[in-house]
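S.K.: I'm passing along model16.pdb; it holds PDB, C-alpha atoms.
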ATOM      1  CA  MET A   1      83.692  41.310  40.494
ATOM      2  CA  LYS A   2      83.146  37.700  41.505
ATOM      3  CA  TRP A   3      79.394  38.094  40.838
ATOM      4  CA  ILE A   4      80.003  39.557  37.392
ATOM      5  CA  CYS A   5      82.269  36.643  36.416
ATOM      6  CA  LEU A   6      79.708  34.184  37.752
ATOM      7  CA  PHE A   7      76.903  35.904  35.819
ATOM      8  CA  VAL A   8      78.926  35.931  32.577
ATOM      9  CA  ALA A   9      79.858  32.258  32.998
ATOM     10  CA  LEU A  10      76.243  31.349  33.683
ATOM     11  CA  PHE A  11      74.958  33.390  30.731
ATOM     12  CA  CYS A  12      77.487  31.836  28.349
ATOM     13  CA  SER A  13      76.553  28.322  29.460
ATOM     14  CA  ILE A  14      72.890  28.746  28.470
ATOM     15  CA  PRO A  15      72.467  27.170  25.033
ATOM     16  CA  ALA A  16      71.024  29.341  22.312
ATOM     17  CA  GLY A  17      67.547  28.380  21.155
ATOM     18  CA  TYR A  18      67.285  26.145  18.128
ATOM     19  CA  SER A  19      65.651  27.686  15.101
ATOM     20  CA  LEU A  20      63.984  25.522  12.487
ATOM     21  CA  ASN A  21      64.818  26.223   8.829
ATOM     22  CA  CYS A  22      62.097  25.761   6.210
ATOM     23  CA  TYR A  23      61.652  26.280   2.501
ATOM     24  CA  ALA A  24      59.720  29.507   2.001
ATOM     25  CA  CYS A  25      58.080  30.295  -1.330
ATOM     26  CA  GLN A  26      54.724  30.493  -3.052
ATOM     27  CA  PHE A  27      53.493  29.577  -6.517
ATOM     28  CA  SER A  28      49.992  29.971  -7.881
ATOM     29  CA  PHE A  29      48.425  29.572 -11.289
ATOM     30  CA  ASN A  30      46.022  32.307 -10.150
ATOM     31  CA  ASP A  31      48.760  34.974 -10.085
ATOM     32  CA  VAL A  32      47.871  36.845 -13.247
ATOM     33  CA  TYR A  33      49.315  40.192 -12.193
ATOM     34  CA  ASP A  34      52.951  39.215 -12.840
ATOM     35  CA  PRO A  35      53.133  36.018 -14.939
ATOM     36  CA  GLU A  36      56.820  36.448 -15.848
ATOM     37  CA  ASN A  37      57.950  36.454 -12.220
ATOM     38  CA  ARG A  38      55.909  33.604 -10.788
ATOM     39  CA  ASP A  39      57.930  31.329  -8.547
ATOM     40  CA  GLY A  40      57.295  28.185 -10.583
ATOM     41  CA  TRP A  41      60.403  26.678  -9.017
ATOM     42  CA  CYS A  42      58.458  26.411  -5.746
ATOM     43  CA  ALA A  43      56.324  23.618  -7.214
ATOM     44  CA  ASN A  44      58.994  21.436  -8.841
ATOM     45  CA  GLU A  45      62.515  19.990  -8.485
ATOM     46  CA  THR A  46      64.135  23.383  -9.144
ATOM     47  CA  LEU A  47      63.351  24.120  -5.490
ATOM     48  CA  LEU A  48      66.249  21.841  -4.503
ATOM     49  CA  GLU A  49      68.595  23.089  -7.225
ATOM     50  CA  LEU A  50      68.599  26.756  -6.223
ATOM     51  CA  ARG A  51      70.851  28.185  -3.520
ATOM     52  CA  THR A  52      69.451  27.545  -0.049
ATOM     53  CA  GLU A  53      70.033  31.235   0.771
ATOM     54  CA  ASP A  54      67.311  31.992  -1.785
ATOM     55  CA  THR A  55      64.829  29.277  -0.840
ATOM     56  CA  VAL A  56      65.241  28.549   2.891
ATOM     57  CA  LYS A  57      64.489  30.886   5.789
ATOM     58  CA  PRO A  58      64.998  30.569   9.539
ATOM     59  CA  CYS A  59      61.777  30.287  11.506
ATOM     60  CA  ALA A  60      60.858  32.291  14.569
ATOM     61  CA  PRO A  61      61.344  30.424  17.868
ATOM     62  CA  TRP A  62      57.580  29.887  18.251
ATOM     63  CA  GLU A  63      57.225  28.440  14.727
ATOM     64  CA  LYS A  64      57.724  24.718  15.318
ATOM     65  CA  PHE A  65      56.603  23.385  11.924
ATOM     66  CA  CYS A  66      57.554  23.557   8.285
ATOM     67  CA  VAL A  67      54.376  23.488   6.236
ATOM     68  CA  THR A  68      53.504  22.858   2.609
ATOM     69  CA  ALA A  69      50.009  24.091   1.773
ATOM     70  CA  VAL A  70      48.471  22.761  -1.439
ATOM     71  CA  THR A  71      45.369  24.494  -2.795
ATOM     72  CA  THR A  72      42.932  23.118  -5.331
ATOM     73  CA  PHE A  73      40.096  24.877  -7.097
ATOM     74  CA  LEU A  74      37.255  22.745  -8.444
ATOM     75  CA  GLY A  75      39.474  19.685  -7.912
ATOM     76  CA  SER A  76      42.483  21.004  -9.881
ATOM     77  CA  PHE A  77      45.879  21.965  -8.455
ATOM     78  CA  THR A  78      46.178  25.755  -8.316
ATOM     79  CA  SER A  79      48.910  26.664  -5.833
ATOM     80  CA  VAL A  80      51.561  25.571  -3.386
ATOM     81  CA  SER A  81      52.960  27.562  -0.488
ATOM     82  CA  ARG A  82      55.911  26.577   1.706
ATOM     83  CA  SER A  83      56.689  28.321   4.993
ATOM     84  CA  CYS A  84      57.237  28.153   8.739
ATOM     85  CA  ALA A  85      54.163  27.760  10.923
ATOM     86  CA  GLU A  86      53.211  28.018  14.561
ATOM     87  CA  HIS A  87      50.364  25.505  14.209
ATOM     88  CA  CYS A  88      49.572  22.665  11.849
ATOM     89  CA  ASN A  89      46.099  22.261  10.359
ATOM     90  CA  ALA A  90      45.211  18.592  10.604
ATOM     91  CA  PHE A  91      42.229  18.972   8.284
ATOM     92  CA  CYS A  92      41.739  20.612   4.918
ATOM     93  CA  GLU A  93      39.980  23.975   4.810
ATOM     94  CA  ALA A  94      37.298  24.724   2.220
ATOM     95  CA  ILE A  95      36.399  28.211   1.027
ATOM     96  CA  GLY A  96      33.335  28.920  -1.051
ATOM     97  CA  TYR A  97      30.065  27.147  -1.496
ATOM     98  CA  GLY A  98      30.658  23.421  -1.181
ATOM     99  CA  THR A  99      34.318  22.694  -1.803
ATOM    100  CA  ASP A 100      35.213  25.147  -4.562
ATOM    101  CA  GLN A 101      38.636  26.002  -3.121
ATOM    102  CA  VAL A 102      40.311  23.603  -0.705
ATOM    103  CA  THR A 103      43.674  24.008   1.043
ATOM    104  CA  CYS A 104      45.404  21.063   2.727
ATOM    105  CA  ASP A 105      48.524  21.371   4.893
ATOM    106  CA  ASP A 106      51.376  18.917   5.199
ATOM    107  CA  CYS A 107      53.500  19.637   8.280
ATOM    108  CA  CYS A 108      56.844  18.368   9.491
ATOM    109  CA  ASP A 109      59.285  19.425  12.197
ATOM    110  CA  SER A 110      62.843  19.013  10.929
ATOM    111  CA  ASP A 111      65.087  21.321   8.904
ATOM    112  CA  ARG A 112      64.060  21.727   5.255
ATOM    113  CA  CYS A 113      61.553  18.891   5.468
ATOM    114  CA  ASN A 114      58.893  20.722   3.384
ATOM    115  CA  LYS A 115      60.616  19.953   0.081
ATOM    116  CA  ASN A 116      58.343  17.341  -1.520
ATOM    117  CA  PHE A 117      57.333  18.136  -5.087
ATOM    118  CA  SER A 118      56.545  14.898  -6.934
ATOM    119  CA  VAL A 119      53.280  14.391  -8.782
ATOM    120  CA  GLU A 120      52.515  11.512  -6.402
ATOM    121  CA  TYR A 121      53.040  13.845  -3.431
ATOM    122  CA  TYR A 122      50.657  16.483  -4.797
ATOM    123  CA  ALA A 123      48.096  13.790  -5.647
ATOM    124  CA  SER A 124      48.243  12.410  -2.092
ATOM    125  CA  MET A 125      47.814  15.926  -0.684
ATOM    126  CA  MET A 126      44.824  16.580  -2.935
ATOM    127  CA  LYS A 127      43.321  13.226  -1.928
ATOM    128  CA  LYS A 128      43.203  14.356   1.738
ATOM    129  CA  GLN A 129      40.392  16.764   0.902
ATOM    130  CA  TYR A 130      37.936  13.989   0.166
ATOM    131  CA  THR A 131      36.197  12.571   3.210
ATOM    132  CA  SER A 132      33.072  10.518   3.074
ATOM    133  CA  TRP A 133      29.903  10.598   5.141
ATOM    134  CA  THR A 134      29.143   7.036   4.055
ATOM    135  CA  THR A 135      32.415   5.361   5.045
ATOM    136  CA  PRO A 136      33.843   5.749   8.562
ATOM    137  CA  LEU A 137      37.417   6.784   9.176
ATOM    138  CA  PRO A 138      39.752   4.177  10.748
ATOM    139  CA  GLY A 139      38.653   3.640  14.356
ATOM    140  CA  GLU A 140      35.590   5.870  13.977
ATOM    141  CA  LEU A 141      33.054   3.039  13.938
ATOM    142  CA  LYS A 142      34.475   1.507  17.137
ATOM    143  CA  PHE A 143      34.569   4.914  18.854
ATOM    144  CA  ASN A 144      30.999   5.727  17.820
ATOM    145  CA  ARG A 145      29.691   2.380  19.082
ATOM    146  CA  ALA A 146      31.484   2.818  22.413
ATOM    147  CA  LYS A 147      29.953   6.294  22.824
ATOM    148  CA  GLY A 148      26.494   5.292  21.598
ATOM    149  CA  ILE A 149      26.721   7.545  18.530
ATOM    150  CA  ARG A 150      24.727   6.342  15.507
ATOM    151  CA  PHE A 151      25.334   7.213  11.875
ATOM    152  CA  PRO A 152      23.829   5.689   8.722
ATOM    153  CA  TYR A 153      26.905   3.569   7.982
TER     154      TYR A 153
END
Starting from the file, lay out its structure as structure tokens.
M.R.:
Amino acid sequence: MKWICLFVALFCSIPAGYSLNCYACQFSFNDVYDPENRDGWCANETLLELRTEDTVKPCAPWEKFCVTAVTTFLGSFTSVSRSCAEHCNAFCEAIGYGTDQVTCDDCCDSDRCNKNFSVEYYASMMKKQYTSWTTPLPGELKFNRAKGIRFPY
């Protein structure tokens, strides 16, 4: 009996794992199959006005990030997706020949942190997709010189 009480006391003293809560929704101008039921609220301030029970979901224990993924097609905003994520993509991903469709992630690690929706926010996300082969990134020139790597710039 003493062992059972000790086991129960030990089990009850272990703190429950923390679960991150993130906004979870998706909106796309490409969704032509059901235009009346598109989640347009996912891309604007209505996201914060709706009940959190409808817009926020608990993440799995292994999902450590809230992510907002912004997709552009031919340089124009086409969709936004908000969710929990196990990993965060540091770079934008291009699909198609050249950069026809580009998706950039913005990750954070606190409750409901993936709520940005301003035009300035979307513009800054879309700007991440443009990198240049003629201008080095911050610190890149110094790194390349130290490693003996030569580029045209």
S.K.: For stretch 75-92 of chain A, take all atoms listed in the file, fit an axis-aligned box around them, add 8 Å to each of the six sides, then output centre and edge lengths in Å rounded to one decimal, as AutoDock Vina command-line options.
M.R.:
--center_x 48.4 --center_y 23.5 --center_z 2.3 --size_x 33.8 --size_y 25.7 --size_z 40.4
S.K.: Restricting the calculation to only C-alpha atoms: of A:Asn21, A:Gln101, A:Ser110, A:Asn30, which residue gets closest to A:Glu53?
M.R.: A:Asn21
S.K.: Take the PyMOL selection byres ((chain A and resi 82-96) around 10), run it mentally on this structure, and tell me the resulting residues as a short mmCIF file (atom, residue, chain, number, x, y, z; two decimals) with C-alpha atoms, in the frame of the given file.
M.R.:
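The resulting out-v4.cif:
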data_model
loop_
_atom_site.label_atom_id
_atom_site.label_comp_id
_atom_site.auth_asym_id
_atom_site.auth_seq_id
_atom_site.Cartn_x
_atom_site.Cartn_y
_atom_site.Cartn_z
CA LEU A 20 63.98 25.52 12.49
CA ASN A 21 64.82 26.22 8.83
CA CYS A 22 62.10 25.76 6.21
CA TYR A 23 61.65 26.28 2.50
CA ALA A 24 59.72 29.51 2.00
CA CYS A 25 58.08 30.30 -1.33
CA GLN A 26 54.72 30.49 -3.05
CA PHE A 27 53.49 29.58 -6.52
CA CYS A 42 58.46 26.41 -5.75
CA ALA A 43 56.32 23.62 -7.21
CA THR A 55 64.83 29.28 -0.84
CA VAL A 56 65.24 28.55 2.89
CA LYS A 57 64.49 30.89 5.79
CA PRO A 58 65.00 30.57 9.54
CA CYS A 59 61.78 30.29 11.51
CA ALA A 60 60.86 32.29 14.57
CA PRO A 61 61.34 30.42 17.87
CA TRP A 62 57.58 29.89 18.25
CA GLU A 63 57.22 28.44 14.73
CA LYS A 64 57.72 24.72 15.32
CA PHE A 65 56.60 23.38 11.92
CA CYS A 66 57.55 23.56 8.28
CA VAL A 67 54.38 23.49 6.24
CA THR A 68 53.50 22.86 2.61
CA ALA A 69 50.01 24.09 1.77
CA VAL A 70 48.47 22.76 -1.44
CA THR A 71 45.37 24.49 -2.80
CA THR A 72 42.93 23.12 -5.33
CA PHE A 73 40.10 24.88 -7.10
CA VAL A 80 51.56 25.57 -3.39
CA SER A 81 52.96 27.56 -0.49
CA TYR A 97 30.06 27.15 -1.50
CA GLY A 98 30.66 23.42 -1.18
CA THR A 99 34.32 22.69 -1.80
CA ASP A 100 35.21 25.15 -4.56
CA GLN A 101 38.64 26.00 -3.12
CA VAL A 102 40.31 23.60 -0.70
CA THR A 103 43.67 24.01 1.04
CA CYS A 104 45.40 21.06 2.73
CA ASP A 105 48.52 21.37 4.89
CA ASP A 106 51.38 18.92 5.20
CA CYS A 107 53.50 19.64 8.28
CA CYS A 108 56.84 18.37 9.49
CA ASP A 109 59.28 19.42 12.20
CA ARG A 112 64.06 21.73 5.26
CA ASN A 114 58.89 20.72 3.38
CA LYS A 115 60.62 19.95 0.08
CA MET A 125 47.81 15.93 -0.68
CA MET A 126 44.82 16.58 -2.94
CA LYS A 128 43.20 14.36 1.74
CA GLN A 129 40.39 16.76 0.90
CA TYR A 130 37.94 13.99 0.17
CA THR A 131 36.20 12.57 3.21
#
S.K.: What's the separation between atom CA of A:Ser28 and atom CA of A:Asp111, in Å to one decimal place?
M.R.: 24.2 Å
S.K.: Go through A:Tyr18, A:Glu140, A:Ser79, A:Leu74 one by one, measure the shortest atom-to-atom distance of each to A:Trp41 using only C-alpha atoms, and give the residue with the smallest value.
M.R.: A:Ser79
S.K.: So how many Å separate atom CA of A:Val119 and atom CA of A:Asn44, to one decimal?
M.R.: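 Between atom CA of A:Val119 and atom CA of A:Asn44 the gap works out to 9.1 Å.
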